[in-house]
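coords_3.txt (compact mmCIF, C-alpha atoms) appears below.
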# COMPACT_ATOMS: atom_id res chain seq x y z
CA MET A 29 -47.32 45.10 136.64
CA SER A 30 -50.83 43.69 136.94
CA HIS A 31 -51.47 39.98 137.36
CA ALA A 32 -54.27 39.75 134.79
CA GLY A 33 -52.08 37.65 132.51
CA LEU A 34 -51.42 35.03 135.18
CA ALA A 35 -55.13 34.90 135.92
CA ARG A 36 -55.83 34.12 132.26
CA LEU A 37 -53.30 31.28 132.30
CA ALA A 38 -54.81 29.60 135.35
CA ASN A 39 -58.04 27.78 136.16
CA ASP A 40 -60.58 28.88 138.73
CA ASP A 41 -58.47 27.38 141.52
CA GLY A 42 -55.48 29.50 140.54
CA LEU A 43 -53.61 26.50 139.12
CA PHE A 44 -52.02 26.09 135.70
CA LYS A 45 -53.16 23.19 133.53
CA ILE A 46 -51.35 24.05 130.32
CA LEU A 47 -50.90 21.86 127.26
CA ALA A 48 -47.38 22.09 125.78
CA LEU A 49 -47.24 21.89 121.99
CA ASP A 50 -44.16 23.97 121.24
CA GLN A 51 -41.97 21.10 119.96
CA ARG A 52 -40.42 21.77 116.58
CA ALA A 53 -37.46 19.60 115.53
CA MET A 54 -38.48 17.01 118.13
CA LEU A 55 -41.95 16.71 116.60
CA GLY A 56 -40.36 16.20 113.20
CA ARG A 57 -38.27 13.37 114.62
CA MET A 58 -41.31 11.82 116.28
CA LEU A 59 -43.30 11.84 113.06
CA SER A 60 -40.50 10.62 110.82
CA GLY A 61 -39.50 7.99 113.38
CA ALA A 62 -42.99 6.54 113.07
CA GLY A 63 -42.72 6.52 109.28
CA LEU A 64 -45.11 9.46 108.93
CA PRO A 65 -44.67 12.60 106.80
CA SER A 66 -42.86 15.30 108.77
CA ALA A 67 -42.67 18.29 106.45
CA ASN A 68 -43.51 21.72 107.81
CA SER A 69 -47.10 21.39 106.61
CA ASP A 70 -47.44 18.06 108.42
CA ARG A 71 -46.29 19.60 111.70
CA VAL A 72 -48.71 22.48 111.24
CA ALA A 73 -51.58 20.06 110.61
CA PHE A 74 -50.61 17.92 113.61
CA LYS A 75 -50.59 20.86 115.99
CA ALA A 76 -53.88 22.17 114.67
CA GLU A 77 -55.52 18.77 115.17
CA VAL A 78 -54.16 18.26 118.69
CA THR A 79 -55.01 21.80 119.78
CA GLN A 80 -58.52 21.57 118.43
CA ALA A 81 -59.08 18.24 120.18
CA LEU A 82 -57.63 19.11 123.59
CA ALA A 83 -57.53 22.87 124.23
CA ALA A 84 -60.97 23.08 125.81
CA GLU A 85 -59.80 20.86 128.68
CA THR A 86 -56.88 23.16 129.55
CA SER A 87 -56.27 26.54 131.14
CA GLY A 88 -53.80 27.42 128.39
CA VAL A 89 -51.89 26.10 125.38
CA LEU A 90 -48.18 26.60 124.71
CA LEU A 91 -47.38 26.86 121.01
CA ASP A 92 -44.41 27.75 118.85
CA PRO A 93 -44.83 30.45 116.20
CA GLU A 94 -43.58 28.38 113.26
CA TYR A 95 -46.06 25.49 113.34
CA GLY A 96 -48.38 25.94 116.30
CA VAL A 97 -49.66 29.48 115.85
CA ALA A 98 -49.59 28.93 112.12
CA GLY A 99 -51.55 25.71 112.62
CA LEU A 100 -54.39 27.49 114.39
CA ALA A 101 -54.72 29.81 111.42
CA THR A 102 -55.50 26.78 109.21
CA VAL A 103 -58.55 25.75 111.23
CA PRO A 104 -61.65 27.51 109.88
CA ASP A 105 -63.58 29.46 112.53
CA PHE A 106 -61.48 27.98 115.34
CA THR A 107 -61.13 30.13 118.43
CA LEU A 108 -58.75 29.01 121.16
CA PRO A 109 -60.90 28.46 124.28
CA SER A 110 -57.99 29.04 126.66
CA ALA A 111 -54.97 31.28 127.08
CA LEU A 112 -52.12 31.20 124.57
CA LEU A 113 -48.44 31.01 125.52
CA ILE A 114 -45.97 31.58 122.71
CA ALA A 115 -42.44 30.19 122.68
CA ALA A 116 -39.98 33.03 122.02
CA GLU A 117 -36.61 31.27 122.13
CA PRO A 118 -34.68 31.23 118.81
CA THR A 119 -35.46 28.27 116.60
CA VAL A 120 -31.74 27.60 116.01
CA LYS A 121 -29.72 27.28 119.20
CA ASP A 122 -26.41 29.09 119.59
CA HIS A 123 -23.28 27.36 120.91
CA TRP A 124 -19.83 28.06 122.27
CA ASN A 125 -17.41 25.12 122.09
CA LYS A 126 -20.38 22.72 121.84
CA GLU A 127 -22.06 24.20 124.92
CA TYR A 128 -25.41 25.93 124.60
CA ARG A 129 -25.32 29.69 124.73
CA THR A 130 -28.41 31.66 125.73
CA VAL A 131 -29.23 34.30 123.13
CA LEU A 132 -32.35 36.26 122.28
CA ASP A 133 -34.02 36.79 118.95
CA PRO A 134 -34.63 40.57 118.97
CA THR A 135 -37.70 40.11 116.76
CA ARG A 136 -39.35 37.80 119.32
CA ASP A 137 -40.03 40.16 122.17
CA ALA A 138 -43.05 40.84 124.35
CA ALA A 139 -44.58 43.20 121.80
CA TRP A 140 -44.28 40.46 119.17
CA VAL A 141 -46.14 38.03 121.45
CA ARG A 142 -48.86 40.64 121.87
CA SER A 143 -49.06 41.05 118.09
CA LEU A 144 -49.81 37.33 117.78
CA ASN A 145 -52.57 37.60 120.40
CA GLY A 146 -50.46 35.74 122.93
CA ASP A 147 -51.27 35.91 126.64
CA ALA A 148 -47.72 35.10 127.82
CA LEU A 149 -44.17 34.73 126.57
CA LYS A 150 -42.31 31.46 127.22
CA PHE A 151 -38.53 31.25 126.95
CA MET A 152 -36.53 28.02 127.19
CA LEU A 153 -32.84 27.97 128.01
CA TYR A 154 -30.34 25.14 128.29
CA TRP A 155 -27.78 25.70 131.01
CA ASP A 156 -25.73 24.30 133.88
CA PRO A 157 -25.97 26.83 136.72
CA SER A 158 -22.99 25.22 138.47
CA ARG A 159 -20.66 25.87 135.52
CA THR A 160 -17.62 28.01 136.39
CA ALA A 161 -16.08 30.15 133.65
CA VAL A 162 -12.31 30.24 133.25
CA ALA A 163 -10.16 33.02 131.86
CA GLY A 164 -10.54 33.60 128.15
CA GLU A 165 -14.02 32.11 127.78
CA PRO A 166 -17.51 33.56 128.16
CA ASP A 167 -19.39 33.18 131.43
CA LEU A 168 -22.32 31.19 130.06
CA VAL A 169 -24.16 31.18 133.39
CA GLN A 170 -24.07 34.96 133.73
CA GLU A 171 -25.05 35.33 130.09
CA SER A 172 -28.13 33.20 130.76
CA LEU A 173 -29.07 35.22 133.82
CA ASP A 174 -28.61 38.47 131.92
CA ARG A 175 -30.80 37.30 129.03
CA VAL A 176 -33.56 36.14 131.35
CA ALA A 177 -33.42 39.46 133.20
CA GLU A 178 -33.89 41.23 129.84
CA ILE A 179 -36.92 39.05 129.05
CA VAL A 180 -38.54 39.70 132.42
CA ALA A 181 -37.99 43.45 132.10
CA ASP A 182 -39.32 43.50 128.53
CA CYS A 183 -42.45 41.58 129.55
CA HIS A 184 -43.04 44.08 132.33
CA THR A 185 -43.18 46.86 129.74
CA GLN A 186 -46.02 45.04 127.97
CA ASP A 187 -47.74 43.84 131.18
CA LEU A 188 -47.19 40.31 129.86
CA PRO A 189 -46.37 37.23 131.97
CA SER A 190 -42.87 35.80 131.48
CA VAL A 191 -42.66 32.00 131.69
CA ILE A 192 -39.09 30.71 131.97
CA GLU A 193 -38.21 27.08 131.25
CA PRO A 194 -34.69 26.03 132.31
CA LEU A 195 -33.51 22.67 130.99
CA LEU A 196 -30.29 21.33 132.45
CA THR A 197 -27.30 20.24 130.42
CA VAL A 198 -26.12 18.22 133.44
CA PRO A 199 -25.71 14.57 132.34
CA LYS A 200 -28.41 12.06 133.24
CA ASP A 201 -25.84 9.33 133.85
CA ALA A 202 -26.65 6.50 136.23
CA GLY A 203 -25.37 7.31 139.69
CA GLN A 204 -25.57 11.06 139.04
CA GLU A 205 -29.30 11.47 139.62
CA ASP A 206 -28.98 13.23 142.98
CA HIS A 207 -26.55 15.77 141.55
CA ARG A 208 -28.88 16.49 138.66
CA PHE A 209 -31.91 16.81 140.92
CA ASP A 210 -30.06 19.11 143.30
CA THR A 211 -29.03 21.24 140.32
CA ILE A 212 -32.68 21.57 139.27
CA VAL A 213 -33.36 23.07 142.70
CA ARG A 214 -30.38 25.41 142.37
CA SER A 215 -31.42 26.45 138.87
CA ALA A 216 -34.93 27.33 140.05
CA ALA A 217 -33.64 29.38 142.97
CA MET A 218 -31.23 31.38 140.81
CA LEU A 219 -33.82 32.19 138.16
CA ALA A 220 -36.50 33.03 140.73
CA GLU A 221 -34.32 35.92 141.92
CA LEU A 222 -35.03 37.58 138.56
CA LYS A 223 -38.80 37.55 139.31
CA PRO A 224 -40.29 35.86 136.26
CA SER A 225 -44.05 35.38 136.39
CA LEU A 226 -43.81 31.57 136.32
CA LEU A 227 -41.12 28.89 136.20
CA LYS A 228 -41.63 25.71 134.18
CA LEU A 229 -39.46 23.11 135.90
CA GLU A 230 -38.20 19.57 135.45
CA TRP A 231 -39.08 16.92 138.00
CA PRO A 232 -36.59 17.38 140.89
CA GLY A 233 -36.69 13.77 142.01
CA SER A 234 -38.55 13.79 145.31
CA ALA A 235 -41.20 15.38 147.49
CA GLU A 236 -38.46 16.92 149.64
CA ARG A 237 -36.86 18.72 146.70
CA CYS A 238 -40.29 19.94 145.54
CA LYS A 239 -40.72 21.39 149.00
CA GLN A 240 -37.25 22.98 148.79
CA ILE A 241 -38.11 24.61 145.49
CA THR A 242 -41.31 26.08 146.91
CA ALA A 243 -39.43 27.44 149.92
CA LEU A 244 -36.78 28.97 147.67
CA LEU A 245 -39.45 30.56 145.42
CA PRO A 246 -41.47 32.52 148.00
CA ASP A 247 -43.09 34.80 145.44
CA VAL A 248 -42.71 32.95 142.12
CA PRO A 249 -45.11 30.10 141.24
CA TRP A 250 -43.77 27.01 139.50
CA ALA A 251 -45.32 24.37 137.27
CA LEU A 252 -44.09 20.87 136.48
CA LEU A 253 -43.22 19.84 132.93
CA SER A 254 -43.71 16.27 131.73
CA ALA A 255 -40.46 15.66 129.77
CA GLY A 256 -42.10 12.88 127.78
CA VAL A 257 -42.46 10.39 130.65
CA GLU A 258 -45.36 7.94 130.47
CA TYR A 259 -48.63 9.46 131.60
CA GLU A 260 -49.09 7.27 134.69
CA ALA A 261 -45.65 8.23 136.02
CA PHE A 262 -46.30 11.88 135.26
CA ALA A 263 -49.63 11.86 137.11
CA GLU A 264 -47.85 10.47 140.18
CA ARG A 265 -45.24 13.22 139.96
CA VAL A 266 -47.96 15.85 139.60
CA ALA A 267 -49.60 14.75 142.84
CA VAL A 268 -46.28 14.91 144.71
CA ALA A 269 -45.29 18.27 143.22
CA LEU A 270 -48.64 19.91 143.96
CA ASP A 271 -48.74 18.48 147.49
CA ASN A 272 -45.42 20.26 148.02
CA GLY A 273 -46.15 23.67 146.59
CA ALA A 274 -46.25 23.51 142.79
CA SER A 275 -48.93 25.62 141.12
CA GLY A 276 -49.80 23.32 138.24
CA VAL A 277 -48.46 21.64 135.15
CA ILE A 278 -47.28 22.46 131.64
CA ALA A 279 -47.50 19.04 130.03
CA GLY A 280 -46.92 17.88 126.48
CA ARG A 281 -45.83 14.45 125.30
CA ALA A 282 -47.12 12.67 128.41
CA ILE A 283 -50.58 13.73 127.21
CA TRP A 284 -50.44 13.52 123.42
CA GLY A 285 -47.13 11.82 122.56
CA GLU A 286 -48.53 8.65 120.99
CA ALA A 287 -50.59 10.75 118.57
CA ALA A 288 -47.39 11.42 116.64
CA SER A 289 -47.05 7.70 115.84
CA VAL A 290 -50.44 7.33 114.13
CA ALA A 291 -52.45 9.24 111.56
CA GLY A 292 -55.93 9.76 110.20
CA PRO A 293 -58.85 8.16 112.08
CA GLU A 294 -56.43 6.36 114.40
CA ARG A 295 -54.95 9.66 115.56
CA SER A 296 -58.37 11.21 116.01
CA ALA A 297 -59.48 8.21 118.07
CA PHE A 298 -56.38 8.41 120.26
CA LEU A 299 -56.90 12.10 120.97
CA THR A 300 -60.56 11.55 121.84
CA ASP A 301 -60.27 8.25 123.71
CA VAL A 302 -56.88 8.55 125.42
CA ALA A 303 -55.38 12.05 125.42
CA LEU A 304 -58.57 13.87 126.40
CA PRO A 305 -59.30 11.47 129.30
CA ARG A 306 -55.73 12.01 130.48
CA LEU A 307 -56.36 15.73 130.73
CA LYS A 308 -59.62 15.11 132.55
CA HIS A 309 -57.84 12.75 134.93
CA LEU A 310 -55.27 15.46 135.63
CA THR A 311 -58.13 17.66 136.81
CA THR A 312 -58.98 14.97 139.35
CA VAL A 313 -55.35 14.62 140.40
CA MET A 314 -55.03 18.37 140.86
CA GLN A 315 -58.28 18.77 142.78
CA GLY A 316 -57.61 19.99 146.31
CA ARG A 317 -53.87 20.15 145.72
CA GLY A 318 -51.37 22.85 144.80
CA ARG A 319 -50.45 26.40 145.71
CA SER A 320 -52.55 28.95 143.85
CA TRP A 321 -50.48 31.47 141.95
CA LYS A 322 -52.24 34.14 144.00
CA GLU A 323 -50.93 32.55 147.20
CA ALA A 324 -47.47 32.22 145.68
CA ILE A 325 -47.05 35.88 144.77
CA LYS A 326 -48.37 37.06 148.13
CA SER A 327 -46.33 34.73 150.36

Whole structure given in structure tokens:
Amino acid sequence: MSHAGLARLANDDGLFKILALDQRAMLGRMLSGAGLPSANSDRVAFKAEVTQALAAETSGVLLDPEYGVAGLATVPDFTLPSALLIAAEPTVKDHWNKEYRTVLDPTRDAAWVRSLNGDALKFMLYWDPSRTAVAGEPDLVQESLDRVAEIVADCHTQDLPSVIEPLLTVPKDAGQEDHRFDTIVRSAAMLAELKPSLLKLEWPGSAERCKQITALLPDVPWALLSAGVEYEAFAERVAVALDNGASGVIAGRAIWGEAASVAGPERSAFLTDVALPRLKHLTTVMQGRGRSWKEAIKS
């Protein structure tokens, strides 16, 4: 497999500065929670407006097919100035006894991403890699690993980067932070063995754990997601993660989140005066930091 796809996703320094706009139900809740219309057409319009305002300051944009890719089609003469990642996980999540179960939508494969002019396939899974199956129930951990392996193999057939986003179902209870952070490290190590092109990871809690992740991913680059934290806190995390081996960011709500609470001229002003400067500031934060994806795959 060539690495042309990874090169398209990254900036000139070999780092990923990707805007995440693949929220679906969450975006609906954000809009309705602010008393704004949240119908499908409103989500499409929101994503089109945010993408148009911010994409030029990124190395790539992550969009969902339902609203994001559809949203771009509503903007006359708009051409995305950066690479396009397309979310391929099923819109409706599957469960077993109230636990998430990793399943694939057979219609959303690498060829489908190519048909939408996507430059990479992103797949999100919810899991607890420390879960132990008992007799008579499915092994949800192994199922997740098997599905990710299928995605990676399928992407190889299309010479398409596979971007895997594991989100933990481990509780965020007070006093359990260290366990959760350690599990983020374990999750990354297990998935890296399957050789995806890029891992999109949660904040692991410290510089030391960032360093552990990098050591455990000798030939797989990783990027930090924002998880909706305030921008200032996210920027601090970015500096720490990149100083300890991360290869960039895939950031969403920390950049544009407040835009979902306003509309019209107020939203446009926020995107221009706040969200865009945040992205430009990230460039400053990332300058001279990080492990290029080229270094990661050769180490």

Please, what distance in Å, to one decimal, runs between CA of Phe44 (chain A) and CA of Val277 (chain A)?
5.7 Å

Test item: which residues lie within 9 Å of (-41.0, 45.0, 123.0) counting all atoms listed in the file, as an MDAnalysis selection string:
chainID A and resid 134:141 182:183 185:186

Nearest to Val176 (chain A): which of A:Arg36, A:Lys223, A:Arg159, A:His207 is it, counting only C-alpha atoms?
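Ranking A:Arg36, A:Lys223, A:Arg159, A:His207 by distance to Val176 (chain A), first place goes to A:Lys223.
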
Counting all atoms listed in the file, write as number ranges by chain all protein and nucleic acid residues lying at most 12 Å from (-36.7, 18.6, 146.7) in the file's frame.
A: 206-214, 216-217, 230-244, 268-269, 272-274

Neighbour list for Arg317 (chain A) as a CSV table (one decimal) with C-alpha atoms, keeping the file's coordinate frame, cut-off 8 Å, all atoms listed in the file, skip fewer than 5 positions in-chain:
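out18.csv, written as the output of this step:
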chain,number,residue,atom,x,y,z
A,267,ALA,CA,-49.6,14.8,142.8
A,270,LEU,CA,-48.6,19.9,144.0
A,271,ASP,CA,-48.7,18.5,147.5

Just want the 7 Å neighbourhood of Val89 (chain A), counted on only C-alpha atoms, with same-chain residues fewer than 3 positions away dropped. Output as a ChimeraX atom specification.
/A:46-48,83,110-113

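Ranking A:Arg129, A:Lys75, A:Lys228, A:His309 by their shortest atom-to-atom distance to Phe262 (chain A), with all atoms listed in the file included, puts A:His309 first.
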
For CA of Ala279 (chain A) and CA of Ser254 (chain A), determine how far apart the two atoms are, in Å to one decimal place.
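CA of Ser254 (chain A) lies at a distance of 5.0 Å from CA of Ala279 (chain A).
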